[in-house]
Amino acid sequence: GMEKSVTVIGLGPMGQAMATAFLDQGYAVTLWNRTASRADALVARGAVLVPGVEEALAANELVILSLTDYRAMYEVLGPAAPALAGRVLVNLSSDTPEQARSAARWAAGHGATHLTGGITVPPSGIGQAESSTFYSGPREAFEKYRSALEVVTGRTDYRGEDPGLAALFYQLGMVMFWTSMMSYWQAIALAHANGLTAADILGHATDTANSLPGFFAFYAERIDAGRHTGDVDRLAMGMASVEHVLHTNADSGVDTALPAAVAELFRRGMDAGHAADSFSSLVELMKKGET
Ligand code: NDP
């Protein structure tokens with residue numbers, strides 16, 4: 001029956017983990033992948049590999065997509081577009097909010113429903129009760145297939161009708177993830193240059209990262225209220241501090257691109273007259289973008 005039946009298109013590490021999770025939960029699973037051999041282990045467990053995208057779409061109303069990006073989706077589904085009518089495409093491929101919005105329009109143009117997913121866990125997190133995925137798009141489609149989506153990750157976080165929202169929440173996490181991890185690499189490079197190992201600084205790095213949520217919460221309310229008073233910290237103090245960071249890295253002979261970019265933002269804030277304001281005033285500068 002429709003309830004325990006799903007099509008999965010795309011069998012990279014993520015799609016394979018998803019198909020496995022559906023099989024574990026007793027779903028009838030239909031598969032398609034450009035490289036057919038990636039389905040071997042799943043077929044051995046009872047999944048059905050079909051030779052064409054049309055057959056994969058015909059097999060189920062619910063179609064999970066796990067492709068590298070949205071461009072891959074157009075390459076895969078484009079030639080089979082007439083078979084899209086009536087399908088609910090749950091796109092768990094990562095891309096930008098704008099890509100998600102235009103994909104929703106494209107799907108609608110072919111009579112299909114597009115639900116955007118923003119998946120933040122690695123393959124090992126798929127099928128786990130505590131994992132969560134962002135969704136956005138038509139609420140009706142989300143509610144209809146909620147139990148199937150809870151097979152992918154035990155928790156679902158529906159953000160609203162705008163198809164871009166799930167991708168936006170994904171990107172909000174990613175901008176923090178990539179820049180934070182780069183800051184960690186920077187600290188390790190600095191440590192190595194000074195005869196310390198990553199293991200030597202792990203505890204200190206962890207304590208530093210763990211201190212951040214307190215700052216997030218403290219500044220969230222002030223920033224939303226547009227309040228950047230320098231009662232707790234002043235940008236001029238921060239400017240001196242980030243220059244110490246920059247010079248420490250330069251003196252140690254390590255790459256300075258990252259600390260220099262941070263110092264540049266502080267410099268622009270100083271130039272804009274925020275010396276006596278909190279460094280949270282940099283948010284206002286960042287909101288303006290570069291034109
Ligand atoms: P992969 O890039 O390893 O696999 C993607 C799938 O896309 C494969 O099935 C591949 O087919 C297919 N594909 C790519 N390009 C094309 C194309 N032009 N035509 C047909 N098929 C194509 O990705 P993952 O499985 O690792 O991830 C899937 C999505 O999940 C990505 O958007 C990723 O950003 C996201 N994600 C991944 C995480 C991870 O830890 N891996 C974590 C969170 C999100 P083939 O097998 O033939 O190459």
# chains A, B, ... in the order shown; residues from 1 in each chain; ligands from 1
call {"tool": "residues_near_ligand", "arguments": {"ligand": "ligand 1", "cutoff": "10 Å", "atoms": "only C-alpha atoms and all ligand atoms", "output": "PyMOL selection string"}}
result
chain A and resi 8-18+32-39+65-77+91-95+117-126+133+170+174
call {"tool": "select_by_dssp", "arguments": {"residues": "region 2-186 of chain A", "states": "helix (DSSP H, G or I)", "output": "ChimeraX atom specification"}}
result
/A:2-4,13-24,36-44,53-59,70-84,97-109,123-125,139-144,146-152,164-186
call {"tool": "residues_around", "arguments": {"residues": "Thr7 (chain A)", "least_positions_apart": "3", "cutoff": "12 Å", "atoms": "only C-alpha atoms", "output": "PDB file with N, CA and C atoms, in the first residue's frame"}}
result
ATOM      1  N   MET A   2       0.234   2.372  -0.240  1.00  0.00           N
ATOM      2  CA  MET A   2       0.958   3.615  -0.389  1.00  0.00           C
ATOM      3  C   MET A   2       1.710   3.994   0.885  1.00  0.00           C
ATOM      4  N   GLU A   3       1.162   3.604   2.028  1.00  0.00           N
ATOM      5  CA  GLU A   3       1.743   4.100   3.269  1.00  0.00           C
ATOM      6  C   GLU A   3       3.148   3.618   3.558  1.00  0.00           C
ATOM      7  N   LYS A   4       3.425   2.381   3.183  1.00  0.00           N
ATOM      8  CA  LYS A   4       4.742   1.845   3.512  1.00  0.00           C
ATOM      9  C   LYS A   4       5.507   1.533   2.242  1.00  0.00           C
ATOM     10  N   GLY A  10      18.929   8.375  -6.090  1.00  0.00           N
ATOM     11  CA  GLY A  10      20.215   8.883  -5.622  1.00  0.00           C
ATOM     12  C   GLY A  10      20.745   8.010  -4.502  1.00  0.00           C
ATOM     13  N   LEU A  11      21.836   7.298  -4.790  1.00  0.00           N
ATOM     14  CA  LEU A  11      22.377   6.332  -3.826  1.00  0.00           C
ATOM     15  C   LEU A  11      23.837   6.606  -3.496  1.00  0.00           C
ATOM     16  N   GLY A  15      21.774   8.595   0.359  1.00  0.00           N
ATOM     17  CA  GLY A  15      20.640   7.853  -0.206  1.00  0.00           C
ATOM     18  C   GLY A  15      20.668   6.387   0.205  1.00  0.00           C
ATOM     19  N   MET A  18      19.403   6.149   3.681  1.00  0.00           N
ATOM     20  CA  MET A  18      17.946   6.358   3.718  1.00  0.00           C
ATOM     21  C   MET A  18      17.206   5.100   3.265  1.00  0.00           C
ATOM     22  N   ALA A  19      17.653   4.538   2.146  1.00  0.00           N
ATOM     23  CA  ALA A  19      17.005   3.315   1.644  1.00  0.00           C
ATOM     24  C   ALA A  19      17.115   2.203   2.685  1.00  0.00           C
ATOM     25  N   PHE A  22      14.544   2.766   5.405  1.00  0.00           N
ATOM     26  CA  PHE A  22      13.191   2.388   4.967  1.00  0.00           C
ATOM     27  C   PHE A  22      13.025   0.870   4.976  1.00  0.00           C
ATOM     28  N   LEU A  23      14.040   0.156   4.502  1.00  0.00           N
ATOM     29  CA  LEU A  23      13.966  -1.314   4.528  1.00  0.00           C
ATOM     30  C   LEU A  23      13.847  -1.816   5.965  1.00  0.00           C
ATOM     31  N   TYR A  27       9.434  -0.934   4.759  1.00  0.00           N
ATOM     32  CA  TYR A  27       8.917  -0.288   3.555  1.00  0.00           C
ATOM     33  C   TYR A  27       9.271  -1.098   2.311  1.00  0.00           C
ATOM     34  N   ALA A  28       8.379  -1.025   1.327  1.00  0.00           N
ATOM     35  CA  ALA A  28       8.716  -1.493  -0.016  1.00  0.00           C
ATOM     36  C   ALA A  28       9.488  -0.345  -0.669  1.00  0.00           C
ATOM     37  N   VAL A  29      10.718  -0.621  -1.089  1.00  0.00           N
ATOM     38  CA  VAL A  29      11.612   0.446  -1.568  1.00  0.00           C
ATOM     39  C   VAL A  29      11.954   0.230  -3.040  1.00  0.00           C
ATOM     40  N   THR A  30      11.648   1.239  -3.854  1.00  0.00           N
ATOM     41  CA  THR A  30      12.036   1.233  -5.264  1.00  0.00           C
ATOM     42  C   THR A  30      13.208   2.194  -5.427  1.00  0.00           C
ATOM     43  N   LEU A  31      14.209   1.761  -6.192  1.00  0.00           N
ATOM     44  CA  LEU A  31      15.435   2.542  -6.316  1.00  0.00           C
ATOM     45  C   LEU A  31      15.760   2.868  -7.765  1.00  0.00           C
ATOM     46  N   TRP A  32      16.366   4.039  -7.941  1.00  0.00           N
ATOM     47  CA  TRP A  32      17.054   4.328  -9.197  1.00  0.00           C
ATOM     48  C   TRP A  32      18.324   5.091  -8.852  1.00  0.00           C
ATOM     49  N   ASN A  33      19.402   4.752  -9.531  1.00  0.00           N
ATOM     50  CA  ASN A  33      20.654   5.495  -9.397  1.00  0.00           C
ATOM     51  C   ASN A  33      21.392   5.442 -10.719  1.00  0.00           C
ATOM     52  N   ALA A  47      15.097  -4.523  -1.820  1.00  0.00           N
ATOM     53  CA  ALA A  47      14.696  -3.329  -2.574  1.00  0.00           C
ATOM     54  C   ALA A  47      14.629  -3.679  -4.058  1.00  0.00           C
ATOM     55  N   VAL A  48      13.830  -2.912  -4.803  1.00  0.00           N
ATOM     56  CA  VAL A  48      13.680  -3.159  -6.246  1.00  0.00           C
ATOM     57  C   VAL A  48      14.378  -2.048  -7.018  1.00  0.00           C
ATOM     58  N   LEU A  49      15.387  -2.412  -7.784  1.00  0.00           N
ATOM     59  CA  LEU A  49      16.090  -1.444  -8.631  1.00  0.00           C
ATOM     60  C   LEU A  49      15.422  -1.444  -9.989  1.00  0.00           C
ATOM     61  N   VAL A  50      14.980  -0.263 -10.438  1.00  0.00           N
ATOM     62  CA  VAL A  50      14.351  -0.180 -11.759  1.00  0.00           C
ATOM     63  C   VAL A  50      15.340   0.466 -12.722  1.00  0.00           C
ATOM     64  N   VAL A  53      14.244   6.116 -14.849  1.00  0.00           N
ATOM     65  CA  VAL A  53      13.682   7.098 -13.910  1.00  0.00           C
ATOM     66  C   VAL A  53      12.148   7.092 -13.971  1.00  0.00           C
ATOM     67  N   GLU A  54      11.592   6.879 -15.200  1.00  0.00           N
ATOM     68  CA  GLU A  54      10.127   6.845 -15.340  1.00  0.00           C
ATOM     69  C   GLU A  54       9.508   5.772 -14.451  1.00  0.00           C
ATOM     70  N   GLU A  55      10.116   4.579 -14.451  1.00  0.00           N
ATOM     71  CA  GLU A  55       9.596   3.481 -13.626  1.00  0.00           C
ATOM     72  C   GLU A  55       9.711   3.834 -12.146  1.00  0.00           C
ATOM     73  N   ALA A  56      10.809   4.494 -11.788  1.00  0.00           N
ATOM     74  CA  ALA A  56      11.009   4.875 -10.380  1.00  0.00           C
ATOM     75  C   ALA A  56       9.929   5.855  -9.934  1.00  0.00           C
ATOM     76  N   LEU A  57       9.574   6.784 -10.833  1.00  0.00           N
ATOM     77  CA  LEU A  57       8.541   7.764 -10.508  1.00  0.00           C
ATOM     78  C   LEU A  57       7.160   7.115 -10.493  1.00  0.00           C
ATOM     79  N   ALA A  58       6.954   6.168 -11.402  1.00  0.00           N
ATOM     80  CA  ALA A  58       5.639   5.513 -11.496  1.00  0.00           C
ATOM     81  C   ALA A  58       5.350   4.639 -10.284  1.00  0.00           C
ATOM     82  N   ALA A  59       6.404   4.147  -9.643  1.00  0.00           N
ATOM     83  CA  ALA A  59       6.233   3.165  -8.565  1.00  0.00           C
ATOM     84  C   ALA A  59       5.567   3.739  -7.315  1.00  0.00           C
ATOM     85  N   ASN A  60       5.835   5.007  -7.015  1.00  0.00           N
ATOM     86  CA  ASN A  60       5.321   5.596  -5.771  1.00  0.00           C
ATOM     87  C   ASN A  60       5.006   7.071  -5.933  1.00  0.00           C
ATOM     88  N   GLU A  61       3.997   7.513  -5.185  1.00  0.00           N
ATOM     89  CA  GLU A  61       3.736   8.951  -5.130  1.00  0.00           C
ATOM     90  C   GLU A  61       4.876   9.644  -4.383  1.00  0.00           C
ATOM     91  N   LEU A  62       5.377   8.989  -3.315  1.00  0.00           N
ATOM     92  CA  LEU A  62       6.453   9.576  -2.510  1.00  0.00           C
ATOM     93  C   LEU A  62       7.808   9.227  -3.105  1.00  0.00           C
ATOM     94  N   VAL A  63       8.522  10.263  -3.529  1.00  0.00           N
ATOM     95  CA  VAL A  63       9.838  10.082  -4.152  1.00  0.00           C
ATOM     96  C   VAL A  63      10.868  10.892  -3.368  1.00  0.00           C
ATOM     97  N   ILE A  64      11.814  10.187  -2.752  1.00  0.00           N
ATOM     98  CA  ILE A  64      12.894  10.842  -2.010  1.00  0.00           C
ATOM     99  C   ILE A  64      14.068  11.057  -2.972  1.00  0.00           C
ATOM    100  N   LEU A  65      14.563  12.292  -3.020  1.00  0.00           N
ATOM    101  CA  LEU A  65      15.729  12.596  -3.857  1.00  0.00           C
ATOM    102  C   LEU A  65      16.930  12.852  -2.956  1.00  0.00           C
ATOM    103  N   SER A  66      18.033  12.154  -3.209  1.00  0.00           N
ATOM    104  CA  SER A  66      19.269  12.403  -2.469  1.00  0.00           C
ATOM    105  C   SER A  66      20.410  12.478  -3.478  1.00  0.00           C
ATOM    106  N   ARG A  87       3.349  13.338  -8.392  1.00  0.00           N
ATOM    107  CA  ARG A  87       4.374  12.855  -7.452  1.00  0.00           C
ATOM    108  C   ARG A  87       4.634  13.892  -6.365  1.00  0.00           C
ATOM    109  N   VAL A  88       5.035  13.406  -5.191  1.00  0.00           N
ATOM    110  CA  VAL A  88       5.525  14.279  -4.119  1.00  0.00           C
ATOM    111  C   VAL A  88       7.033  14.063  -4.030  1.00  0.00           C
ATOM    112  N   LEU A  89       7.777  15.066  -4.485  1.00  0.00           N
ATOM    113  CA  LEU A  89       9.242  14.979  -4.467  1.00  0.00           C
ATOM    114  C   LEU A  89       9.747  15.563  -3.157  1.00  0.00           C
ATOM    115  N   VAL A  90      10.370  14.725  -2.348  1.00  0.00           N
ATOM    116  CA  VAL A  90      10.997  15.217  -1.119  1.00  0.00           C
ATOM    117  C   VAL A  90      12.483  15.317  -1.407  1.00  0.00           C
ATOM    118  N   ASN A  91      12.939  16.565  -1.588  1.00  0.00           N
ATOM    119  CA  ASN A  91      14.309  16.772  -2.062  1.00  0.00           C
ATOM    120  C   ASN A  91      15.255  16.960  -0.880  1.00  0.00           C
ATOM    121  N   ALA A 148       6.738   8.768   7.100  1.00  0.00           N
ATOM    122  CA  ALA A 148       7.849   8.278   6.265  1.00  0.00           C
ATOM    123  C   ALA A 148       9.087   9.148   6.472  1.00  0.00           C
TER     124      ALA A 148
END
call {"tool": "residues_around", "arguments": {"residues": "Thr156 (chain A)", "least_positions_apart": "2", "cutoff": "12 Å", "atoms": "only C-alpha atoms", "output": "PDB file with N, CA and C atoms, in the first residue's frame"}}
result
ATOM      1  N   GLY A 117      13.994  19.615   1.740  1.00  0.00           N
ATOM      2  CA  GLY A 117      14.560  19.108   2.985  1.00  0.00           C
ATOM      3  C   GLY A 117      15.928  19.723   3.208  1.00  0.00           C
ATOM      4  N   GLY A 118      16.259  19.948   4.446  1.00  0.00           N
ATOM      5  CA  GLY A 118      17.601  20.423   4.803  1.00  0.00           C
ATOM      6  C   GLY A 118      18.143  19.463   5.838  1.00  0.00           C
ATOM      7  N   ILE A 119      19.044  18.620   5.390  1.00  0.00           N
ATOM      8  CA  ILE A 119      19.473  17.518   6.254  1.00  0.00           C
ATOM      9  C   ILE A 119      20.865  17.827   6.800  1.00  0.00           C
ATOM     10  N   THR A 120      21.000  17.800   8.108  1.00  0.00           N
ATOM     11  CA  THR A 120      22.234  18.271   8.745  1.00  0.00           C
ATOM     12  C   THR A 120      23.056  17.143   9.367  1.00  0.00           C
ATOM     13  N   GLY A 127      18.096   7.522  10.060  1.00  0.00           N
ATOM     14  CA  GLY A 127      17.371   6.449  10.731  1.00  0.00           C
ATOM     15  C   GLY A 127      17.449   6.526  12.247  1.00  0.00           C
ATOM     16  N   GLN A 128      18.125   7.561  12.771  1.00  0.00           N
ATOM     17  CA  GLN A 128      18.283   7.689  14.221  1.00  0.00           C
ATOM     18  C   GLN A 128      17.174   8.563  14.814  1.00  0.00           C
ATOM     19  N   ALA A 129      16.693   8.156  15.981  1.00  0.00           N
ATOM     20  CA  ALA A 129      15.568   8.839  16.627  1.00  0.00           C
ATOM     21  C   ALA A 129      15.877  10.296  16.959  1.00  0.00           C
ATOM     22  N   GLU A 130      17.120  10.584  17.356  1.00  0.00           N
ATOM     23  CA  GLU A 130      17.452  11.933  17.838  1.00  0.00           C
ATOM     24  C   GLU A 130      17.830  12.890  16.707  1.00  0.00           C
ATOM     25  N   SER A 131      18.018  12.376  15.479  1.00  0.00           N
ATOM     26  CA  SER A 131      18.372  13.236  14.349  1.00  0.00           C
ATOM     27  C   SER A 131      17.161  14.045  13.891  1.00  0.00           C
ATOM     28  N   SER A 132      17.449  15.221  13.322  1.00  0.00           N
ATOM     29  CA  SER A 132      16.361  16.080  12.866  1.00  0.00           C
ATOM     30  C   SER A 132      16.674  16.661  11.491  1.00  0.00           C
ATOM     31  N   THR A 133      15.623  16.908  10.707  1.00  0.00           N
ATOM     32  CA  THR A 133      15.767  17.486   9.367  1.00  0.00           C
ATOM     33  C   THR A 133      14.806  18.656   9.209  1.00  0.00           C
ATOM     34  N   PHE A 134      15.266  19.743   8.577  1.00  0.00           N
ATOM     35  CA  PHE A 134      14.385  20.876   8.267  1.00  0.00           C
ATOM     36  C   PHE A 134      13.566  20.543   7.027  1.00  0.00           C
ATOM     37  N   TYR A 135      12.289  20.945   7.065  1.00  0.00           N
ATOM     38  CA  TYR A 135      11.440  20.806   5.876  1.00  0.00           C
ATOM     39  C   TYR A 135      10.714  22.112   5.629  1.00  0.00           C
ATOM     40  N   SER A 136      10.435  22.409   4.343  1.00  0.00           N
ATOM     41  CA  SER A 136       9.536  23.512   4.018  1.00  0.00           C
ATOM     42  C   SER A 136       8.900  23.241   2.670  1.00  0.00           C
ATOM     43  N   PHE A 142       3.730  17.623   3.570  1.00  0.00           N
ATOM     44  CA  PHE A 142       4.572  17.281   4.720  1.00  0.00           C
ATOM     45  C   PHE A 142       3.799  16.411   5.708  1.00  0.00           C
ATOM     46  N   GLU A 143       2.568  16.836   6.029  1.00  0.00           N
ATOM     47  CA  GLU A 143       1.766  16.074   7.010  1.00  0.00           C
ATOM     48  C   GLU A 143       1.424  14.686   6.481  1.00  0.00           C
ATOM     49  N   TYR A 145       3.063  12.760   4.537  1.00  0.00           N
ATOM     50  CA  TYR A 145       4.194  11.824   4.532  1.00  0.00           C
ATOM     51  C   TYR A 145       5.096  11.934   5.754  1.00  0.00           C
ATOM     52  N   ARG A 146       4.580  12.583   6.781  1.00  0.00           N
ATOM     53  CA  ARG A 146       5.378  12.796   7.982  1.00  0.00           C
ATOM     54  C   ARG A 146       5.971  11.496   8.546  1.00  0.00           C
ATOM     55  N   SER A 147       5.162  10.451   8.616  1.00  0.00           N
ATOM     56  CA  SER A 147       5.666   9.215   9.231  1.00  0.00           C
ATOM     57  C   SER A 147       6.807   8.620   8.414  1.00  0.00           C
ATOM     58  N   ALA A 148       6.738   8.768   7.100  1.00  0.00           N
ATOM     59  CA  ALA A 148       7.849   8.278   6.265  1.00  0.00           C
ATOM     60  C   ALA A 148       9.087   9.148   6.472  1.00  0.00           C
ATOM     61  N   LEU A 149       8.878  10.459   6.600  1.00  0.00           N
ATOM     62  CA  LEU A 149      10.020  11.363   6.804  1.00  0.00           C
ATOM     63  C   LEU A 149      10.676  11.095   8.158  1.00  0.00           C
ATOM     64  N   GLU A 150       9.877  10.619   9.116  1.00  0.00           N
ATOM     65  CA  GLU A 150      10.427  10.292  10.438  1.00  0.00           C
ATOM     66  C   GLU A 150      11.257   9.002  10.412  1.00  0.00           C
ATOM     67  N   VAL A 151      11.178   8.281   9.294  1.00  0.00           N
ATOM     68  CA  VAL A 151      12.093   7.144   9.117  1.00  0.00           C
ATOM     69  C   VAL A 151      13.487   7.665   8.754  1.00  0.00           C
ATOM     70  N   VAL A 152      13.522   8.728   7.961  1.00  0.00           N
ATOM     71  CA  VAL A 152      14.804   9.312   7.527  1.00  0.00           C
ATOM     72  C   VAL A 152      15.557   9.875   8.731  1.00  0.00           C
ATOM     73  N   THR A 153      14.878  10.748   9.479  1.00  0.00           N
ATOM     74  CA  THR A 153      15.397  11.178  10.787  1.00  0.00           C
ATOM     75  C   THR A 153      14.203  11.181  11.739  1.00  0.00           C
ATOM     76  N   GLY A 154      14.432  10.720  12.953  1.00  0.00           N
ATOM     77  CA  GLY A 154      13.343  10.542  13.921  1.00  0.00           C
ATOM     78  C   GLY A 154      12.552  11.813  14.170  1.00  0.00           C
ATOM     79  N   TYR A 158       9.494  21.300  10.594  1.00  0.00           N
ATOM     80  CA  TYR A 158       8.818  21.980   9.486  1.00  0.00           C
ATOM     81  C   TYR A 158       8.871  23.488   9.710  1.00  0.00           C
ATOM     82  N   ARG A 159       9.456  24.234   8.753  1.00  0.00           N
ATOM     83  CA  ARG A 159       9.688  25.665   8.941  1.00  0.00           C
ATOM     84  C   ARG A 159       8.658  26.555   8.270  1.00  0.00           C
ATOM     85  N   ALA A 166      13.661  25.694   4.342  1.00  0.00           N
ATOM     86  CA  ALA A 166      14.453  24.549   4.823  1.00  0.00           C
ATOM     87  C   ALA A 166      15.900  24.693   4.356  1.00  0.00           C
TER      88      ALA A 166
END
call {"tool": "closest_residue", "arguments": {"among": "A:Gly111, A:Pro213, A:Gly137, A:Gly230", "to": "Leu84 (chain A)", "atoms": "only C-alpha atoms"}}
result
A:Gly111
call {"tool": "residues_around", "arguments": {"residues": "region 252-268 of chain A", "least_positions_apart": "4", "cutoff": "6 Å", "atoms": "only C-alpha atoms", "output": "list of chain:residue names"}}
result
A:Met239, A:Val242, A:Leu246
call {"tool": "write_last_selection", "arguments": {"atoms": "N, CA and C atoms", "output": "compact mmCIF listing (two decimals), in the first residue's frame"}}
result
# COMPACT_ATOMS: atom_id res chain seq x y z
N MET A 239 38.82 45.60 18.47
CA MET A 239 39.78 45.91 17.40
C MET A 239 41.21 45.62 17.85
N VAL A 242 41.58 41.72 18.10
CA VAL A 242 41.72 40.96 16.85
C VAL A 242 43.05 41.28 16.17
N LEU A 246 45.78 38.62 14.95
CA LEU A 246 46.42 38.69 13.63
C LEU A 246 47.94 38.65 13.76
call {"tool": "residues_around", "arguments": {"residues": "Ile188 (chain A)", "least_positions_apart": "2", "cutoff": "8 Å", "atoms": "only C-alpha atoms", "output": "PyMOL selection string"}}
result
chain A and resi 184-186+190-192+197-198+201
call {"tool": "atom_distance", "arguments": {"atom1": "CA of Gly109 (chain A)", "atom2": "CA of Val6 (chain A)"}}
result
22.6 Å
call {"tool": "closest_residue", "arguments": {"among": "A:Arg45, A:Arg222, A:His204, A:Arg234", "to": "Gly273 (chain A)", "atoms": "only C-alpha atoms"}}
result
A:Arg234
call {"tool": "decode", "arguments": {"residues": "region 76-88 of chain A", "atoms": "N, CA and C atoms", "output": "JSON list (two decimals), in the first residue's frame"}}
result
[["chain", "number", "residue", "atom", "x", "y", "z"],
["A", 76, "VAL", "N", 18.63, 14.38, -13.84],
["A", 76, "VAL", "CA", 18.00, 13.07, -13.65],
["A", 76, "VAL", "C", 16.52, 13.10, -14.03],
["A", 77, "LEU", "N", 15.79, 14.12, -13.52],
["A", 77, "LEU", "CA", 14.33, 14.14, -13.71],
["A", 77, "LEU", "C", 13.90, 14.82, -14.99],
["A", 78, "GLY", "N", 14.73, 15.71, -15.52],
["A", 78, "GLY", "CA", 14.35, 16.47, -16.70],
["A", 78, "GLY", "C", 13.85, 15.60, -17.85],
["A", 79, "PRO", "N", 14.63, 14.59, -18.25],
["A", 79, "PRO", "CA", 14.20, 13.74, -19.37],
["A", 79, "PRO", "C", 12.94, 12.93, -19.07],
["A", 80, "ALA", "N", 12.59, 12.79, -17.77],
["A", 80, "ALA", "CA", 11.42, 11.99, -17.39],
["A", 80, "ALA", "C", 10.28, 12.89, -16.91],
["A", 81, "ALA", "N", 10.35, 14.18, -17.25],
["A", 81, "ALA", "CA", 9.40, 15.16, -16.70],
["A", 81, "ALA", "C", 7.92, 14.78, -16.85],
["A", 82, "PRO", "N", 7.50, 14.17, -17.97],
["A", 82, "PRO", "CA", 6.08, 13.82, -18.08],
["A", 82, "PRO", "C", 5.61, 12.83, -17.00],
["A", 83, "ALA", "N", 6.55, 12.09, -16.41],
["A", 83, "ALA", "CA", 6.18, 11.11, -15.38],
["A", 83, "ALA", "C", 6.09, 11.74, -13.99],
["A", 84, "LEU", "N", 6.31, 13.06, -13.90],
["A", 84, "LEU", "CA", 6.32, 13.72, -12.59],
["A", 84, "LEU", "C", 4.92, 14.02, -12.05],
["A", 85, "ALA", "N", 3.93, 14.08, -12.93],
["A", 85, "ALA", "CA", 2.58, 14.49, -12.51],
["A", 85, "ALA", "C", 2.09, 13.66, -11.34],
["A", 86, "GLY", "N", 1.64, 14.36, -10.30],
["A", 86, "GLY", "CA", 1.06, 13.69, -9.14],
["A", 86, "GLY", "C", 2.07, 13.21, -8.11],
["A", 87, "ARG", "N", 3.35, 13.34, -8.39],
["A", 87, "ARG", "CA", 4.37, 12.85, -7.45],
["A", 87, "ARG", "C", 4.63, 13.89, -6.37],
["A", 88, "VAL", "N", 5.04, 13.41, -5.19],
["A", 88, "VAL", "CA", 5.52, 14.28, -4.12],
["A", 88, "VAL", "C", 7.03, 14.06, -4.03]]
